[in-house]
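Structure file final.tsv; described as TSV, C-alpha atoms.
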```tsv
chain	number	residue	atom	x	y	z
A	1	MET	CA	43.93	-26.35	21.81
A	2	THR	CA	47.20	-24.79	22.94
A	3	LYS	CA	48.85	-21.88	21.16
A	4	ASN	CA	51.73	-24.17	20.20
A	5	THR	CA	49.38	-26.73	18.65
A	6	PHE	CA	47.56	-23.98	16.76
A	7	ALA	CA	50.89	-22.64	15.46
A	8	ILE	CA	51.95	-26.07	14.19
A	9	ILE	CA	48.74	-26.56	12.21
A	10	GLU	CA	48.67	-22.95	11.05
A	11	LYS	CA	52.25	-23.16	9.74
A	12	TYR	CA	51.40	-26.19	7.61
A	13	MET	CA	48.27	-24.46	6.29
A	14	LEU	CA	50.29	-21.40	5.29
A	15	SER	CA	52.73	-23.57	3.35
A	16	CYS	CA	49.86	-24.95	1.25
A	17	MET	CA	47.97	-21.79	0.32
A	18	GLU	CA	48.69	-20.33	-3.12
A	19	ASP	CA	45.30	-19.52	-4.69
A	20	SER	CA	44.40	-15.85	-4.09
A	21	ALA	CA	40.68	-16.66	-4.00
A	22	HIS	CA	41.34	-19.36	-1.40
A	23	ASP	CA	44.21	-17.71	0.46
A	24	LYS	CA	45.10	-17.61	4.13
A	25	GLU	CA	42.61	-14.79	4.73
A	26	HIS	CA	39.84	-17.05	3.45
A	27	ILE	CA	40.98	-19.64	5.97
A	28	TYR	CA	40.88	-17.15	8.84
A	29	ARG	CA	37.44	-15.88	7.82
A	30	VAL	CA	36.11	-19.45	7.73
A	31	LEU	CA	37.64	-20.07	11.16
A	32	TYR	CA	36.13	-16.90	12.62
A	33	ASN	CA	32.74	-17.67	11.06
A	34	ALA	CA	32.93	-21.15	12.54
A	35	LEU	CA	33.68	-19.82	16.01
A	36	GLU	CA	30.71	-17.46	15.75
A	37	ILE	CA	28.43	-20.33	14.75
A	38	ALA	CA	29.86	-22.66	17.40
A	39	LYS	CA	28.71	-20.32	20.16
A	40	THR	CA	25.11	-21.25	19.30
A	41	GLU	CA	25.65	-25.03	19.11
A	42	LYS	CA	26.07	-27.69	21.78
A	43	ASP	CA	28.89	-30.15	22.44
A	44	VAL	CA	31.32	-28.69	19.92
A	45	ASN	CA	34.85	-30.11	19.99
A	46	TYR	CA	36.83	-26.94	19.40
A	47	ASP	CA	40.10	-28.79	18.84
A	48	VAL	CA	38.56	-30.67	15.93
A	49	LEU	CA	36.74	-27.61	14.60
A	50	ILE	CA	39.80	-25.37	14.63
A	51	GLY	CA	42.01	-28.00	13.04
A	52	ALA	CA	39.46	-28.69	10.31
A	53	CYS	CA	38.96	-24.99	9.56
A	54	LEU	CA	42.69	-24.36	9.28
A	55	LEU	CA	43.30	-27.34	6.99
A	56	HIS	CA	40.09	-27.52	4.95
A	57	ASP	CA	41.57	-26.06	1.73
A	58	ILE	CA	45.09	-27.51	1.75
A	59	GLY	CA	44.18	-29.64	-1.28
A	60	ARG	CA	43.43	-26.63	-3.49
A	61	LYS	CA	46.83	-26.63	-5.21
A	62	GLU	CA	46.39	-30.22	-6.40
A	63	GLN	CA	42.88	-29.55	-7.72
A	64	PHE	CA	44.04	-26.40	-9.50
A	65	GLU	CA	46.82	-28.32	-11.23
A	66	ASN	CA	44.52	-31.27	-12.02
A	67	PRO	CA	40.81	-30.30	-12.14
A	68	SER	CA	39.79	-33.96	-12.10
A	69	LEU	CA	40.85	-34.08	-8.45
A	70	CYS	CA	38.60	-32.98	-5.59
A	71	HIS	CA	40.35	-30.66	-3.16
A	72	ALA	CA	38.19	-31.95	-0.29
A	73	GLU	CA	39.34	-35.52	-0.88
A	74	VAL	CA	42.97	-34.54	-1.42
A	75	GLY	CA	42.95	-32.19	1.56
A	76	SER	CA	41.35	-34.77	3.82
A	77	LYS	CA	44.13	-37.25	3.13
A	78	LYS	CA	46.86	-34.62	3.41
A	79	ALA	CA	45.49	-33.42	6.74
A	80	TYR	CA	45.24	-36.97	8.09
A	81	ASP	CA	48.81	-37.81	7.09
A	82	PHE	CA	50.15	-34.51	8.43
A	83	LEU	CA	48.44	-34.83	11.80
A	84	LEU	CA	49.66	-38.40	12.29
A	85	LYS	CA	53.19	-37.36	11.35
A	86	GLN	CA	53.03	-34.59	13.94
A	87	GLY	CA	52.08	-37.05	16.65
A	88	PHE	CA	48.38	-36.30	16.97
A	89	GLU	CA	46.12	-39.19	18.01
A	90	ARG	CA	44.63	-41.20	15.17
A	91	SER	CA	41.08	-40.51	16.37
A	92	TYR	CA	41.71	-36.76	16.20
A	93	ALA	CA	43.22	-37.01	12.72
A	94	GLN	CA	40.22	-39.05	11.56
A	95	LYS	CA	37.72	-36.50	12.88
A	96	VAL	CA	39.50	-33.56	11.28
A	97	ALA	CA	39.89	-35.42	7.99
A	98	GLY	CA	36.19	-36.33	8.06
A	99	CYS	CA	35.19	-32.68	8.41
A	100	ILE	CA	37.40	-31.68	5.49
A	101	LEU	CA	36.09	-34.48	3.29
A	102	THR	CA	32.50	-33.24	3.57
A	103	HIS	CA	32.94	-29.45	3.45
A	104	ARG	CA	32.64	-28.98	-0.30
A	105	TYR	CA	29.46	-27.41	-1.74
A	106	ARG	CA	29.57	-29.48	-4.95
A	107	LYS	CA	29.97	-32.89	-3.31
A	108	ASN	CA	27.19	-35.28	-2.34
A	109	THR	CA	29.09	-36.46	0.74
A	110	LEU	CA	27.17	-34.79	3.56
A	111	PRO	CA	28.67	-33.65	6.87
A	112	GLN	CA	27.64	-35.73	9.88
A	113	SER	CA	29.33	-34.36	13.01
A	114	ILE	CA	28.50	-30.95	14.45
A	115	GLU	CA	32.06	-29.82	13.68
A	116	ALA	CA	31.69	-30.88	10.04
A	117	LYS	CA	28.35	-29.08	9.77
A	118	ILE	CA	29.81	-25.89	11.25
A	119	LEU	CA	32.77	-26.01	8.85
A	120	PHE	CA	30.42	-26.53	5.90
A	121	ASP	CA	28.31	-23.52	6.89
A	122	ALA	CA	31.29	-21.32	7.71
A	123	ASP	CA	32.84	-22.05	4.31
A	124	LYS	CA	29.52	-21.35	2.53
A	125	LEU	CA	29.32	-17.98	4.28
A	126	ASP	CA	32.50	-16.94	2.50
A	127	ALA	CA	30.67	-17.51	-0.80
A	128	SER	CA	27.76	-15.31	0.25
A	129	GLY	CA	27.11	-11.59	-0.06
A	130	ALA	CA	29.54	-9.07	-1.52
A	131	LEU	CA	32.49	-11.16	-0.39
A	132	GLY	CA	31.30	-14.18	-2.33
A	133	ILE	CA	30.95	-12.04	-5.46
A	134	ALA	CA	34.45	-10.63	-5.05
A	135	ARG	CA	36.07	-14.01	-4.47
A	136	THR	CA	34.29	-15.57	-7.44
A	137	LEU	CA	35.41	-12.78	-9.77
A	138	ILE	CA	38.99	-13.17	-8.55
A	139	TYR	CA	38.89	-16.92	-9.18
A	140	LYS	CA	37.36	-16.52	-12.63
A	141	GLY	CA	40.22	-14.20	-13.49
A	142	ILE	CA	42.78	-16.71	-12.26
A	143	VAL	CA	41.39	-19.49	-14.47
A	144	CYS	CA	40.80	-17.09	-17.40
A	145	GLU	CA	37.01	-17.45	-17.52
A	146	PRO	CA	34.79	-14.55	-18.66
A	147	ILE	CA	32.18	-12.54	-16.78
A	148	TYR	CA	29.43	-13.73	-19.13
A	149	SER	CA	28.77	-15.66	-22.33
A	150	LEU	CA	26.58	-14.80	-25.29
A	151	LEU	CA	23.37	-16.38	-26.52
A	152	PRO	CA	23.02	-17.57	-30.15
A	153	ASN	CA	21.37	-14.22	-30.99
A	154	GLY	CA	24.47	-12.37	-29.81
A	155	LEU	CA	22.92	-10.98	-26.63
A	156	VAL	CA	24.23	-11.56	-23.11
A	157	SER	CA	23.16	-14.72	-21.29
A	158	ASN	CA	22.07	-14.33	-17.69
A	159	GLY	CA	24.02	-17.49	-16.86
A	160	GLU	CA	21.05	-19.78	-16.35
A	161	ASN	CA	21.44	-23.18	-18.05
A	162	ASP	CA	24.76	-22.09	-19.58
A	163	THR	CA	27.13	-24.84	-20.66
A	164	PHE	CA	30.12	-22.48	-20.70
A	165	SER	CA	31.78	-21.41	-17.46
A	166	SER	CA	31.52	-17.72	-16.56
A	167	PHE	CA	30.82	-15.52	-13.57
A	168	PHE	CA	27.12	-15.35	-14.47
A	169	GLN	CA	26.98	-19.14	-14.83
A	170	GLU	CA	28.62	-19.57	-11.42
A	171	TYR	CA	26.20	-17.07	-9.89
A	172	LYS	CA	23.18	-18.97	-11.17
A	173	TYR	CA	24.62	-22.35	-10.26
A	174	LYS	CA	26.05	-21.59	-6.81
A	175	LEU	CA	26.00	-18.01	-5.55
A	176	GLU	CA	22.27	-17.55	-6.03
A	177	ASN	CA	21.51	-20.81	-4.21
A	178	VAL	CA	24.07	-20.69	-1.42
A	179	TYR	CA	21.56	-19.22	1.04
A	180	SER	CA	19.56	-22.41	1.45
A	181	ASN	CA	20.32	-25.74	3.12
A	182	PHE	CA	22.49	-24.49	5.95
A	183	TYR	CA	22.99	-26.95	8.79
A	184	THR	CA	23.04	-24.32	11.55
A	185	ALA	CA	20.55	-21.57	12.37
A	186	ARG	CA	23.30	-19.02	13.00
A	187	GLY	CA	24.99	-19.77	9.68
A	188	GLU	CA	21.73	-19.28	7.81
A	189	GLU	CA	21.01	-16.07	9.71
A	190	ILE	CA	24.35	-14.51	8.76
A	191	ALA	CA	23.93	-15.58	5.13
A	192	LYS	CA	20.50	-14.00	4.86
A	193	GLN	CA	21.93	-10.71	6.15
A	194	ARG	CA	24.39	-10.73	3.24
A	195	GLN	CA	22.09	-11.91	0.46
A	196	HIS	CA	20.74	-8.53	-0.69
A	197	ALA	CA	24.20	-7.21	-1.56
A	198	ALA	CA	24.87	-10.15	-3.89
A	199	ILE	CA	21.50	-9.90	-5.61
A	200	GLU	CA	21.91	-6.19	-6.22
A	201	PHE	CA	25.40	-6.60	-7.66
A	202	TYR	CA	24.39	-9.37	-10.05
A	203	ASN	CA	21.25	-7.55	-11.22
A	204	ASN	CA	23.11	-4.29	-11.79
A	205	LEU	CA	25.96	-5.97	-13.65
A	206	TYR	CA	23.62	-8.01	-15.85
A	207	GLN	CA	21.54	-4.94	-16.67
A	208	GLU	CA	24.61	-2.89	-17.60
A	209	VAL	CA	26.20	-5.43	-19.93
A	210	SER	CA	22.97	-6.70	-21.49
A	211	GLN	CA	21.76	-3.18	-22.23
A	212	THR	CA	25.12	-2.31	-23.77
A	213	TYR	CA	24.88	-5.28	-26.15
A	214	LYS	CA	21.25	-4.67	-27.04
A	215	ASN	CA	21.73	-0.96	-27.76
A	216	GLY	CA	25.04	-1.54	-29.48
A	217	LYS	CA	23.72	-4.19	-31.86
A	218	ASP	CA	20.79	-1.97	-32.80
A	219	GLU	CA	23.08	0.98	-33.50
A	220	LEU	CA	25.54	-1.15	-35.44
A	221	GLU	CA	22.82	-2.35	-37.81
A	222	LYS	CA	21.99	1.27	-38.58
A	223	VAL	CA	25.51	2.11	-39.76
A	224	ILE	CA	26.51	-1.16	-41.47
A	225	ASP	CA	25.38	-1.50	-45.10
A	226	ASP	CA	24.20	-4.77	-46.61
```
Please express what this file holds, its structure, as structure tokens.
Amino acid sequence: MTKNTFAIIEKYMLSCMEDSAHDKEHIYRVLYNALEIAKTEKDVNYDVLIGACLLHDIGRKEQFENPSLCHAEVGSKKAYDFLLKQGFERSYAQKVAGCILTHRYRKNTLPQSIEAKILFDADKLDASGALGIARTLIYKGIVCEPIYSLLPNGLVSNGENDTFSSFFQEYKYKLENVYSNFYTARGEEIAKQRQHAAIEFYNNLYQEVSQTYKNGKDELEKVIDD
């Protein structure tokens, strides 16, 4: 890929990024993670990989405005149309779009090509460790969702089996499980190096808030008359 080609794709990416949890720095981290992983894999088409990394989240704005939409599906079509309009070959546009379509953690559409698998792993890495915690908290703030929800007894839920969205619920659903099912050995290796930081943060935060509620409710009962 030439510098000019990179600049064309990068410029379009920058015009699409508005979500501070999925901003341009997220894109660059995914790209850099992907390049690190690609060094350990064979027969990687770097033109496809770089294009897919740069454009993988360009459908975020549409999903944010309409949660029924899937940003991977929207972004795949947007990337395909953009690349064709810019004069890229149809086969290249199809390969990039295919990578984007299958990069999402919550979708059942699995990546097939080595470039798609690398993108999937590189994107998952940005949801791992301390960085994954920070990005999730930012996003929860953007969509006005709480850190935790309460159980029927008034104590803090740890997020497991919650029906209400919260940071704890997202941790139990995704962040706690993001370290398994990587497609590349290097991606899994990096994730495992980050895992302890996420576990420690969640455990400390849960202990702090749950203890506050437990102690507080006990003390409140002592000073409130029937």
TODO: Show me as a count of residues only the residues that reach within 12 Å of (45.6, -18.7, -1.9), counting all atoms listed in the file and using the file's own coordinates.
DONE: 26
Open item on the list: For segment 144-161 of chain A, find every residue with an atom within 8 Å (counting all atoms listed in the file), except residues of its own chain fewer than 4 positions away, and show them as number ranges by chain.
Closed with: A: 137, 140, 165-173, 206, 209-210, 213-214
TODO: Please write as an NGL selection string the list of polymer residues whose atoms come within 12 Å of (30.1, -30.8, 15.7), counting all atoms listed in the file and keeping to the coordinates of the file.
DONE: :A and (34-35 or 37-50 or 52 or 95-96 or 98-99 or 111-121 or 183-184)
Output C-alpha atoms of each residue in that selection to a file, as an mmCIF file, in the coordinates of the input.
```
data_model
loop_
_atom_site.group_PDB
_atom_site.id
_atom_site.type_symbol
_atom_site.label_atom_id
_atom_site.label_comp_id
_atom_site.auth_asym_id
_atom_site.auth_seq_id
_atom_site.Cartn_x
_atom_site.Cartn_y
_atom_site.Cartn_z
ATOM 1 C CA ALA A 34 32.930 -21.150 12.540
ATOM 2 C CA LEU A 35 33.680 -19.820 16.010
ATOM 3 C CA ILE A 37 28.430 -20.330 14.750
ATOM 4 C CA ALA A 38 29.860 -22.660 17.400
ATOM 5 C CA LYS A 39 28.710 -20.320 20.160
ATOM 6 C CA THR A 40 25.110 -21.250 19.300
ATOM 7 C CA GLU A 41 25.650 -25.030 19.110
ATOM 8 C CA LYS A 42 26.070 -27.690 21.780
ATOM 9 C CA ASP A 43 28.890 -30.150 22.440
ATOM 10 C CA VAL A 44 31.320 -28.690 19.920
ATOM 11 C CA ASN A 45 34.850 -30.110 19.990
ATOM 12 C CA TYR A 46 36.830 -26.940 19.400
ATOM 13 C CA ASP A 47 40.100 -28.790 18.840
ATOM 14 C CA VAL A 48 38.560 -30.670 15.930
ATOM 15 C CA LEU A 49 36.740 -27.610 14.600
ATOM 16 C CA ILE A 50 39.800 -25.370 14.630
ATOM 17 C CA ALA A 52 39.460 -28.690 10.310
ATOM 18 C CA LYS A 95 37.720 -36.500 12.880
ATOM 19 C CA VAL A 96 39.500 -33.560 11.280
ATOM 20 C CA GLY A 98 36.190 -36.330 8.060
ATOM 21 C CA CYS A 99 35.190 -32.680 8.410
ATOM 22 C CA PRO A 111 28.670 -33.650 6.870
ATOM 23 C CA GLN A 112 27.640 -35.730 9.880
ATOM 24 C CA SER A 113 29.330 -34.360 13.010
ATOM 25 C CA ILE A 114 28.500 -30.950 14.450
ATOM 26 C CA GLU A 115 32.060 -29.820 13.680
ATOM 27 C CA ALA A 116 31.690 -30.880 10.040
ATOM 28 C CA LYS A 117 28.350 -29.080 9.770
ATOM 29 C CA ILE A 118 29.810 -25.890 11.250
ATOM 30 C CA LEU A 119 32.770 -26.010 8.850
ATOM 31 C CA PHE A 120 30.420 -26.530 5.900
ATOM 32 C CA ASP A 121 28.310 -23.520 6.890
ATOM 33 C CA TYR A 183 22.990 -26.950 8.790
ATOM 34 C CA THR A 184 23.040 -24.320 11.550
#
```
Open item on the list: Residues near segment 190-201 of chain A, anyone? I mean within 8 Å using only C-alpha atoms, not counting same-chain ones fewer than 4 positions away, as a PyMOL selection string.
Closed with: chain A and resi 125+128-130+132-133+176+179+186+205
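When only C-alpha atoms are used to compute distances to Glu10 of chain A, the closest of the residues A:Ala97, A:Leu31, A:Ala127, A:Ala185 turns out to be A:Leu31.
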Open item on the list: Could you tell me how far atom CA of Lys124 of chain A sits from atom CA of Val178 of chain A, in Å to one decimal place?
Closed with: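 Taking atom CA of Val178 of chain A and atom CA of Lys124 of chain A, their separation equals 6.8 Å.
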- [ ] Could you check how far atom CA of Asp81 of chain A sits from atom CA of Met1 of chain A, in Å to one decimal?
- [x] 19.3 Å
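Nearest-residue note for Leu101 of chain A: choosing from A:Val30, A:Ala79, A:Ile9, A:Ala134, the minimum distance belongs to A:Ala79, counting only C-alpha atoms.
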- [ ] Using atom CA of Phe82 of chain A and atom CA of Glu65 of chain A as the two end points, give the distance in Å to one decimal.
- [x]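 Computed distance, atom CA of Phe82 of chain A to atom CA of Glu65 of chain A, equals 20.9 Å.
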